[in-house]
file model-v5.csv (CSV, C-alpha atoms)
chain,number,residue,atom,x,y,z
A,256,MET,CA,118.8,81.8,90.2
A,257,GLU,CA,118.3,84.1,93.1
A,258,LEU,CA,117.3,87.7,93.1
A,259,LEU,CA,118.4,90.2,95.7
A,260,ALA,CA,117.0,93.7,95.1
A,261,CYS,CA,117.6,96.8,97.1
A,262,ARG,CA,115.7,100.0,96.9
A,263,SER,CA,115.4,103.1,99.0
A,264,SER,CA,112.1,104.3,100.3
A,265,SER,CA,113.4,107.9,100.3
A,266,ALA,CA,117.1,108.3,100.7
A,267,VAL,CA,119.8,105.6,100.9
A,268,ALA,CA,120.5,104.8,104.6
A,269,THR,CA,124.0,105.8,105.6
A,270,ASP,CA,124.2,104.0,108.9
A,271,ILE,CA,124.1,100.4,107.9
A,272,ASP,CA,127.2,98.4,108.8
A,273,THR,CA,127.2,94.8,107.5
A,274,SER,CA,130.9,94.5,106.7
A,275,ILE,CA,131.4,91.7,109.2
A,276,ALA,CA,128.2,89.7,108.4
A,277,SER,CA,128.4,86.8,106.0
A,278,GLY,CA,125.4,86.7,103.7
A,279,ASN,CA,124.2,86.2,100.1
A,280,THR,CA,126.0,87.5,97.0
A,281,VAL,CA,124.2,90.3,95.3
A,282,GLN,CA,123.5,89.2,91.8
A,283,ASN,CA,121.0,91.8,90.6
A,284,THR,CA,120.7,95.2,92.3
A,285,ASP,CA,118.2,97.9,91.5
A,286,VAL,CA,118.5,101.1,93.5
A,287,THR,CA,116.0,103.8,92.9
A,288,THR,CA,115.0,106.9,94.8
A,289,GLN,CA,111.3,107.4,95.8
A,290,PRO,CA,109.5,110.4,97.3
A,291,THR,CA,109.9,111.1,101.0
A,292,ARG,CA,107.2,109.6,103.2
A,293,SER,CA,106.6,108.6,106.8
A,294,PRO,CA,107.3,106.5,108.8
A,295,PRO,CA,111.1,106.9,109.1
A,296,ARG,CA,113.2,106.7,105.9
A,297,ARG,CA,114.7,103.3,105.3
A,298,ALA,CA,116.1,101.1,102.5
A,299,THR,CA,114.3,97.9,101.4
A,300,ILE,CA,116.1,94.6,100.7
A,301,ILE,CA,114.1,91.8,99.0
A,302,LEU,CA,115.4,88.3,98.5
A,303,ARG,CA,113.4,85.9,96.4
A,304,THR,CA,115.3,82.7,95.6
A,305,ARG,CA,114.7,79.0,94.7
A,306,SER,CA,117.8,78.1,96.7
A,307,HIS,CA,116.9,76.2,99.8
A,308,ASN,CA,117.1,77.8,103.2
A,309,GLU,CA,119.0,81.0,102.3
A,310,PRO,CA,118.7,84.0,104.6
A,311,ILE,CA,119.1,87.6,103.5
A,312,ILE,CA,121.8,88.1,106.1
A,313,ARG,CA,123.8,85.4,107.9
A,314,VAL,CA,126.1,86.4,110.8
A,315,ARG,CA,128.7,83.7,111.6
A,316,GLN,CA,131.0,85.9,113.8
A,317,GLY,CA,131.6,89.5,114.6
A,318,LYS,CA,128.9,92.2,114.9
A,319,LEU,CA,126.2,93.3,112.5
A,320,ASN,CA,124.6,96.8,112.9
A,321,LEU,CA,121.4,96.9,111.0
A,322,ASN,CA,119.5,100.2,111.2
A,323,ARG,CA,116.3,101.4,109.5
A,324,VAL,CA,116.1,98.7,106.8
A,325,GLN,CA,113.1,96.8,105.6
A,326,LEU,CA,113.8,93.1,104.9
A,327,ILE,CA,111.4,91.0,102.7
A,328,HIS,CA,112.5,87.3,102.5
A,329,ASN,CA,111.2,84.3,100.5
A,330,CYS,CA,113.2,81.2,99.8
A,331,SER,CA,112.6,77.5,99.1
A,332,GLY,CA,113.0,74.8,101.8
A,333,THR,CA,111.6,74.2,105.2
A,334,ASP,CA,114.7,74.3,107.5
A,335,ILE,CA,113.7,77.1,109.7
A,336,TRP,CA,116.6,76.4,112.1
A,337,ASN,CA,119.4,76.7,109.6
A,338,GLY,CA,118.7,79.3,107.0
A,339,ASN,CA,115.1,79.8,106.2
A,340,SER,CA,114.9,83.2,107.9
A,341,ALA,CA,115.4,86.8,107.0
A,342,VAL,CA,118.3,87.1,109.5
A,343,GLN,CA,120.3,84.1,110.8
A,344,VAL,CA,122.7,84.7,113.8
A,345,GLN,CA,124.6,81.5,114.2
A,346,PRO,CA,128.3,80.5,114.4
A,347,ALA,CA,129.9,78.2,111.9
A,348,PHE,CA,130.3,74.5,112.7
A,349,ASP,CA,133.3,72.2,112.8
A,350,ALA,CA,133.8,68.8,111.2
A,351,HIS,CA,132.0,67.2,114.1
A,352,ASP,CA,128.9,69.4,113.8
A,353,ASN,CA,129.8,71.5,116.9
A,354,PRO,CA,129.5,75.3,116.9
A,355,ILE,CA,132.9,77.0,116.5
A,356,ARG,CA,133.4,79.4,119.4
A,357,ALA,CA,135.0,82.7,118.5
A,358,VAL,CA,138.5,83.3,119.9
A,359,PRO,CA,139.2,86.9,121.2
A,360,PRO,CA,139.5,89.4,119.8
A,361,SER,CA,136.9,87.9,117.5
A,362,LEU,CA,133.3,88.1,118.7
A,363,GLN,CA,130.6,85.5,118.9
A,364,PRO,CA,128.0,86.3,116.1
A,365,THR,CA,126.1,89.4,117.3
A,366,ALA,CA,123.3,91.3,115.6
A,367,ILE,CA,122.2,94.8,116.6
A,368,VAL,CA,118.9,95.4,114.8
A,369,LYS,CA,117.1,98.8,115.3
A,370,GLY,CA,114.2,100.4,113.5
A,371,CYS,CA,113.8,97.5,111.0
A,372,ASP,CA,110.7,96.1,109.3
A,373,ILE,CA,111.1,92.3,108.8
A,374,THR,CA,109.0,89.7,107.0
A,375,SER,CA,109.7,86.2,105.8
A,376,PHE,CA,107.0,84.7,103.6
A,377,SER,CA,108.8,81.3,103.8
A,378,GLY,CA,110.2,81.0,107.3
A,379,ARG,CA,111.2,82.9,110.4
A,380,GLY,CA,112.0,86.5,110.9
A,381,ILE,CA,115.1,86.4,113.1
A,382,VAL,CA,116.9,83.2,114.2
A,383,ASN,CA,119.4,83.5,117.1
A,384,ILE,CA,120.9,80.1,118.0
A,385,ASP,CA,124.0,78.2,119.2
A,386,GLY,CA,125.5,81.0,121.2
A,387,GLY,CA,124.5,83.9,119.0
A,388,LYS,CA,123.5,87.3,120.6
A,389,SER,CA,120.9,89.7,119.3
A,390,THR,CA,119.6,93.1,120.4
A,391,ILE,CA,116.3,94.0,118.7
A,392,SER,CA,114.8,97.4,119.3
A,393,ASP,CA,112.1,99.6,117.7
A,394,CYS,CA,111.4,96.9,115.1
A,395,TYR,CA,108.3,95.6,113.4
A,396,ILE,CA,108.5,91.8,112.8
A,397,HIS,CA,105.3,90.5,111.0
A,398,ASP,CA,103.7,88.1,108.6
A,399,CYS,CA,106.4,85.5,108.9
A,400,ALA,CA,105.4,82.0,107.8
A,401,ALA,CA,106.9,80.6,111.0
A,402,THR,CA,108.1,82.2,114.2
A,403,GLY,CA,108.8,85.9,114.4
A,404,VAL,CA,111.9,85.6,116.6
A,405,TYR,CA,113.5,82.2,117.5
A,406,VAL,CA,116.2,81.8,120.2
A,407,GLY,CA,117.8,78.4,120.8
A,408,GLY,CA,121.0,76.7,121.8
A,409,GLN,CA,123.1,77.0,125.0
A,410,GLY,CA,124.5,80.4,125.6
A,411,SER,CA,122.2,82.2,123.2
A,412,LEU,CA,121.0,85.7,124.3
A,413,ALA,CA,118.3,88.0,122.9
A,414,THR,CA,117.1,91.3,124.1
A,415,ILE,CA,113.9,92.7,122.5
A,416,GLU,CA,112.6,96.2,123.3
A,417,ARG,CA,109.9,98.5,121.9
A,418,THR,CA,109.2,96.0,119.2
A,419,ASP,CA,106.0,94.8,117.5
A,420,VAL,CA,105.8,91.0,116.8
A,421,LEU,CA,102.5,90.6,115.0
A,422,GLU,CA,100.7,88.1,112.7
A,423,ASN,CA,103.4,85.5,112.5
A,424,GLY,CA,103.1,81.7,112.1
A,425,ASN,CA,100.4,81.5,109.5
A,426,GLY,CA,102.4,79.3,107.2
A,427,ASN,CA,103.8,79.7,103.7
A,428,GLN,CA,100.9,81.0,101.7
A,429,ARG,CA,102.9,81.0,98.5
A,430,SER,CA,104.0,77.4,98.3
A,431,ARG,CA,102.2,74.2,99.1
A,432,ARG,CA,105.5,72.6,99.9
A,433,GLY,CA,106.4,75.3,102.5
A,434,ILE,CA,106.1,75.7,106.2
A,435,ALA,CA,102.7,74.8,107.7
A,436,ARG,CA,100.6,77.1,109.9
A,437,GLY,CA,101.0,77.1,113.7
A,438,HIS,CA,104.0,79.0,115.1
A,439,SER,CA,104.6,81.5,117.9
A,440,GLY,CA,105.5,85.2,117.9
A,441,ILE,CA,108.6,84.6,120.0
A,442,TYR,CA,109.9,81.1,120.9
A,443,LEU,CA,112.7,80.5,123.4
A,444,GLU,CA,114.0,76.9,123.2
A,445,GLN,CA,117.2,77.4,125.1
A,446,GLY,CA,119.2,80.4,126.2
A,447,THR,CA,118.1,83.7,127.7
A,448,ALA,CA,115.6,86.3,126.4
A,449,PHE,CA,114.7,89.7,127.8
A,450,ILE,CA,111.5,91.2,126.4
A,451,ARG,CA,110.6,94.7,127.5
A,452,ASP,CA,107.9,97.2,126.4
A,453,SER,CA,106.9,95.2,123.3
A,454,ASN,CA,103.7,94.1,121.6
A,455,ILE,CA,103.4,90.4,120.8
A,456,SER,CA,100.0,89.9,119.4
A,457,ASN,CA,97.8,88.2,116.8
A,458,ASN,CA,100.3,85.4,116.2
A,459,SER,CA,99.1,82.0,115.0
A,460,LEU,CA,100.0,79.8,118.1
A,461,THR,CA,101.3,81.3,121.3
A,462,GLY,CA,102.5,84.8,121.9
A,463,ILE,CA,105.7,83.9,123.7
A,464,SER,CA,106.9,80.3,124.6
A,465,ALA,CA,109.8,79.0,126.6
A,466,ILE,CA,110.0,75.2,126.8
A,467,SER,CA,113.4,74.1,128.3
A,468,THR,CA,113.1,72.8,131.8
A,469,ASP,CA,116.7,73.5,132.8
A,470,ASN,CA,118.4,75.7,130.2
A,471,ALA,CA,116.2,78.7,129.6
A,472,ALA,CA,115.5,82.1,131.3
A,473,LEU,CA,112.7,84.2,130.1
A,474,HIS,CA,112.0,87.7,131.4
A,475,VAL,CA,109.0,89.6,130.1
A,476,GLU,CA,108.1,93.1,131.3
A,477,ASP,CA,105.7,95.9,130.5
A,478,SER,CA,104.5,94.2,127.3
A,479,ASP,CA,101.2,93.4,125.6
A,480,LEU,CA,100.3,89.8,124.6
A,481,VAL,CA,96.9,90.0,123.0
A,482,ALA,CA,94.8,87.8,120.7
A,483,ASN,CA,97.4,85.1,120.1
A,484,GLY,CA,96.1,81.8,118.8
A,485,SER,CA,96.4,79.7,122.0
A,486,ILE,CA,98.4,80.8,125.1
A,487,GLN,CA,99.5,84.4,125.4
A,488,LEU,CA,102.6,83.6,127.6
A,489,GLU,CA,103.9,80.1,128.0
A,490,LEU,CA,106.5,80.1,130.8
A,491,PRO,CA,108.8,77.1,131.4
A,492,PRO,CA,107.1,74.2,133.3
A,493,ILE,CA,106.2,74.9,137.0
A,494,GLY,CA,108.8,73.5,139.4
A,495,SER,CA,111.6,73.5,136.8
A,496,ILE,CA,115.0,75.3,137.0
A,497,SER,CA,114.1,77.4,134.0
A,498,ARG,CA,110.8,78.5,135.7
A,499,GLU,CA,112.7,79.7,138.8
A,500,ARG,CA,115.0,81.7,136.5
A,501,SER,CA,112.1,83.4,134.6
A,502,THR,CA,110.0,86.4,135.4
A,503,SER,CA,106.8,88.1,134.1
A,504,ARG,CA,106.0,91.6,135.4
A,505,ASN,CA,103.4,94.2,134.5
A,506,ASN,CA,102.2,92.6,131.3
A,507,ARG,CA,98.8,92.9,129.7
A,508,MET,CA,97.5,89.5,128.5
A,509,GLN,CA,94.1,89.1,126.8
A,510,ARG,CA,92.5,86.6,124.5
A,511,GLU,CA,90.8,89.3,122.6
A,512,GLY,CA,91.5,92.9,121.8
A,513,GLU,CA,94.3,94.9,120.4
A,514,GLY,CA,97.9,95.4,121.6
A,515,ARG,CA,99.5,98.8,121.8
A,516,PHE,CA,102.0,99.4,119.0
A,517,ARG,CA,105.5,100.2,120.2
A,518,SER,CA,107.9,100.3,117.2
A,519,GLY,CA,106.7,103.6,115.7
A,520,LEU,CA,106.9,101.9,112.2
A,521,ILE,CA,103.1,101.5,111.9
A,522,SER,CA,101.0,104.5,110.9
A,523,ASP,CA,97.6,104.9,112.4
A,524,SER,CA,95.7,104.1,109.2
A,525,ALA,CA,97.9,101.1,108.5
A,526,ALA,CA,97.4,99.9,112.1
A,527,ASP,CA,93.7,100.0,111.8
A,528,ILE,CA,93.9,98.0,108.6
A,529,ALA,CA,96.3,95.5,110.2
A,530,ASN,CA,93.9,95.0,113.1
A,531,SER,CA,90.9,94.5,110.7
A,532,ILE,CA,92.9,92.0,108.6
A,533,GLY,CA,93.8,90.1,111.8
A,534,GLN,CA,90.2,89.9,112.9
A,535,LEU,CA,89.1,88.7,109.4
A,536,ARG,CA,91.9,86.1,109.4
A,537,ARG,CA,90.9,84.7,112.8
A,538,LEU,CA,87.3,84.6,111.8
A,539,SER,CA,88.2,82.7,108.6
A,540,ALA,CA,90.4,80.3,110.6
A,541,GLU,CA,87.6,79.6,113.0
A,542,HIS,CA,85.2,78.8,110.2
A,543,ARG,CA,87.8,76.6,108.5
A,544,GLN,CA,88.1,74.5,111.7
A,545,ARG,CA,84.4,73.9,111.6
A,546,GLN,CA,84.1,73.3,107.9
A,547,SER,CA,86.1,71.3,105.3
A,548,HIS,CA,86.2,74.2,102.8
A,549,PRO,CA,87.2,77.9,102.9
A,550,VAL,CA,84.6,80.5,103.7
A,551,GLY,CA,84.2,82.5,100.5
A,552,ASP,CA,82.3,85.4,102.2
A,553,ASN,CA,85.1,86.2,104.6
A,554,GLU,CA,87.7,86.0,101.8
A,555,GLU,CA,85.6,88.4,99.6
A,556,THR,CA,85.1,90.7,102.6
A,557,LEU,CA,88.9,90.9,103.1
A,558,ARG,CA,89.6,91.5,99.4
A,559,ASN,CA,86.9,94.3,99.3
A,560,PHE,CA,88.4,95.8,102.4
A,561,MET,CA,91.9,95.8,100.9
A,562,ARG,CA,90.7,97.4,97.6
A,563,THR,CA,88.8,100.1,99.6
A,564,HIS,CA,91.9,101.0,101.7
A,565,ALA,CA,94.6,100.4,99.1
A,566,ALA,CA,95.9,103.9,99.3
A,567,ALA,CA,96.4,103.8,103.0
A,568,TYR,CA,97.8,100.3,103.2
A,569,ASP,CA,101.5,100.5,103.2
A,570,LEU,CA,102.7,97.8,105.5
A,571,HIS,CA,104.0,95.0,103.3
A,572,HIS,CA,104.1,96.5,99.8
A,573,THR,CA,102.6,93.2,98.6
A,574,GLN,CA,99.1,91.7,98.3
A,575,VAL,CA,97.8,90.2,101.6
A,576,GLU,CA,96.6,86.7,101.1
A,577,MET,CA,94.0,84.6,103.1
A,578,ILE,CA,95.4,82.0,105.4

call {"tool": "encode", "arguments": {"input": "model-v5.csv", "output": "structure tokens"}}
result
Amino acid sequence: MELLACRSSSAVATDIDTSIASGNTVQNTDVTTQPTRSPPRRATIILRTRSHNEPIIRVRQGKLNLNRVQLIHNCSGTDIWNGNSAVQVQPAFDAHDNPIRAVPPSLQPTAIVKGCDITSFSGRGIVNIDGGKSTISDCYIHDCAATGVYVGGQGSLATIERTDVLENGNGNQRSRRGIARGHSGIYLEQGTAFIRDSNISNNSLTGISAISTDNAALHVEDSDLVANGSIQLELPPIGSISRERSTSRNNRMQREGEGRFRSGLISDSAADIANSIGQLRRLSAEHRQRQSHPVGDNEETLRNFMRTHAAAYDLHHTQVEMI
């Protein structure tokens, strides 16, 4: 049985157009009105399901406009390419397992995502593959078990602007059978990605990676890549066609520190807490690499910190767990 719940954080959003997107059937809906608060008003959609590899929203063709919505995703399975994500932008396949190209006037699967708060406790935040197109702006993509944003497959295109991609890739902390730790903030396998004025920080593996030698183009400008687990920015291999097509301009890259938030969806108090949690998580991870058992002191420190700041903490609406 799957549960898809929708609630409004203040007033029901009126500018959400998902009529073309193909997604899950709503079986149980609970809509309530809560007091007005900041940041901007938005609805919240939560999917918890035992079904394997089911996204909240799947776009197979046409255009999805998704504005000011919080998505919280958690499903069974480990296929983070074909469904275990909050938003899946991917065409349907024919009998020979080839992507079906849209015939005009139909559009290739396209997602316009603006002002959204996205988390997947089981998989990726947004997957854009096999010729899909996505524009992601003013969003907060965080605490995904795997990659925050994944782009792959020939002809795929993603544009990311004024977006915070933080604390992704720490694995599924709710199921031992889920995705393991060790994923990037943004991962470009094939296709083209434009990343501008964004903050890609505190992710488990790399901040941004592009790996294809001949079928990728990565353009990163005016962005912060700070305190990611290994490499801040992994461009395509030197001397490759993909490297010649890629650019990096005016970016701030540091192994330690804090990135500047861009989305406008993180309040100052919540941002301070998020930074502290990130520091405690990294400290705990370093100790775990040196020892064969968890470090109880760090875990207790985090729990005490969360209890002390519970009133201000309004990022995930769920308990934060140790990695």

call {"tool": "closest_residue", "arguments": {"input": "model-v5.csv", "among": "A:Asp452, A:Asp352, A:Glu309, A:Glu513", "to": "Asp385 of chain A", "atoms": "only C-alpha atoms"}}
result
A:Asp352

call {"tool": "residues_around", "arguments": {"input": "model-v5.csv", "residues": "Gln487 of chain A", "least_positions_apart": "4", "cutoff": "12 Å", "atoms": "only C-alpha atoms", "output": "ChimeraX atom specification"}}
result
/A:439-442,454-465,475,478-483,503,506-511,514

call {"tool": "atom_distance", "arguments": {"input": "model-v5.csv", "atom1": "atom CA of Arg504 of chain A", "atom2": "atom CA of Asp398 of chain A"}}
result
27.1 Å

call {"tool": "atom_distance", "arguments": {"input": "model-v5.csv", "atom1": "atom CA of Gly437 of chain A", "atom2": "atom CA of Cys399 of chain A"}}
result
11.1 Å

call {"tool": "closest_residue", "arguments": {"input": "model-v5.csv", "among": "A:Val358, A:Gly484, A:His474, A:Phe516", "to": "Arg498 of chain A", "atoms": "all atoms listed in the file"}}
result
A:His474

call {"tool": "closest_residue", "arguments": {"input": "model-v5.csv", "among": "A:Gln325, A:Gly426, A:Trp336, A:Arg431", "to": "Ile396 of chain A", "atoms": "all atoms listed in the file"}}
result
A:Gln325

call {"tool": "closest_residue", "arguments": {"input": "model-v5.csv", "among": "A:Pro364, A:Gln345, A:Ser411, A:Asn425", "to": "Arg379 of chain A", "atoms": "all atoms listed in the file"}}
result
A:Asn425

call {"tool": "atom_distance", "arguments": {"input": "model-v5.csv", "atom1": "atom CA of Pro346 of chain A", "atom2": "atom CA of Tyr395 of chain A"}}
result
25.1 Å

call {"tool": "residues_around", "arguments": {"input": "model-v5.csv", "residues": "Arg429 of chain A", "least_positions_apart": "4", "cutoff": "10 Å", "atoms": "all atoms listed in the file", "output": "list in words"}}
result
Asn329, Phe376, Ser377, Ala400, Gly433, Ile434 and Glu576 of chain A

call {"tool": "build_atoms", "arguments": {"input": "model-v5.csv", "residues": "segment 394-405 of chain A", "atoms": "N, CA, C and O atoms", "output": "short mmCIF file (atom, residue, chain, number, x, y, z; two decimals), in the coordinates of the input"}}
result
data_model
loop_
_atom_site.label_atom_id
_atom_site.label_comp_id
_atom_site.auth_asym_id
_atom_site.auth_seq_id
_atom_site.Cartn_x
_atom_site.Cartn_y
_atom_site.Cartn_z
N CYS A 394 111.58 97.63 116.34
CA CYS A 394 111.40 96.90 115.10
C CYS A 394 109.95 96.42 114.93
O CYS A 394 109.18 96.37 115.90
N TYR A 395 109.61 96.08 113.71
CA TYR A 395 108.30 95.60 113.40
C TYR A 395 108.53 94.23 112.63
O TYR A 395 109.00 94.21 111.49
N ILE A 396 108.24 93.11 113.31
CA ILE A 396 108.50 91.80 112.80
C ILE A 396 107.11 91.13 112.55
O ILE A 396 106.39 90.86 113.52
N HIS A 397 106.75 90.86 111.32
CA HIS A 397 105.30 90.50 111.00
C HIS A 397 105.21 89.63 109.81
O HIS A 397 106.07 89.58 108.95
N ASP A 398 104.09 88.92 109.78
CA ASP A 398 103.70 88.10 108.60
C ASP A 398 104.76 87.13 108.20
O ASP A 398 104.89 86.84 107.00
N CYS A 399 105.51 86.60 109.16
CA CYS A 399 106.40 85.50 108.90
C CYS A 399 105.68 84.20 108.79
O CYS A 399 104.74 83.98 109.57
N ALA A 400 106.09 83.33 107.89
CA ALA A 400 105.40 82.00 107.80
C ALA A 400 105.53 81.24 109.06
O ALA A 400 104.60 80.54 109.46
N ALA A 401 106.68 81.33 109.72
CA ALA A 401 106.90 80.60 111.00
C ALA A 401 107.09 81.65 112.10
O ALA A 401 106.43 82.68 112.11
N THR A 402 107.97 81.37 113.04
CA THR A 402 108.10 82.20 114.20
C THR A 402 108.71 83.58 113.87
O THR A 402 109.55 83.71 112.99
N GLY A 403 108.26 84.60 114.59
CA GLY A 403 108.80 85.90 114.40
C GLY A 403 110.27 86.01 114.83
O GLY A 403 111.15 86.42 114.07
N VAL A 404 110.53 85.61 116.09
CA VAL A 404 111.90 85.60 116.60
C VAL A 404 112.09 84.23 117.32
O VAL A 404 111.29 83.85 118.19
N TYR A 405 113.16 83.53 116.96
CA TYR A 405 113.50 82.20 117.50
C TYR A 405 114.83 82.27 118.21
O TYR A 405 115.82 82.71 117.60
#
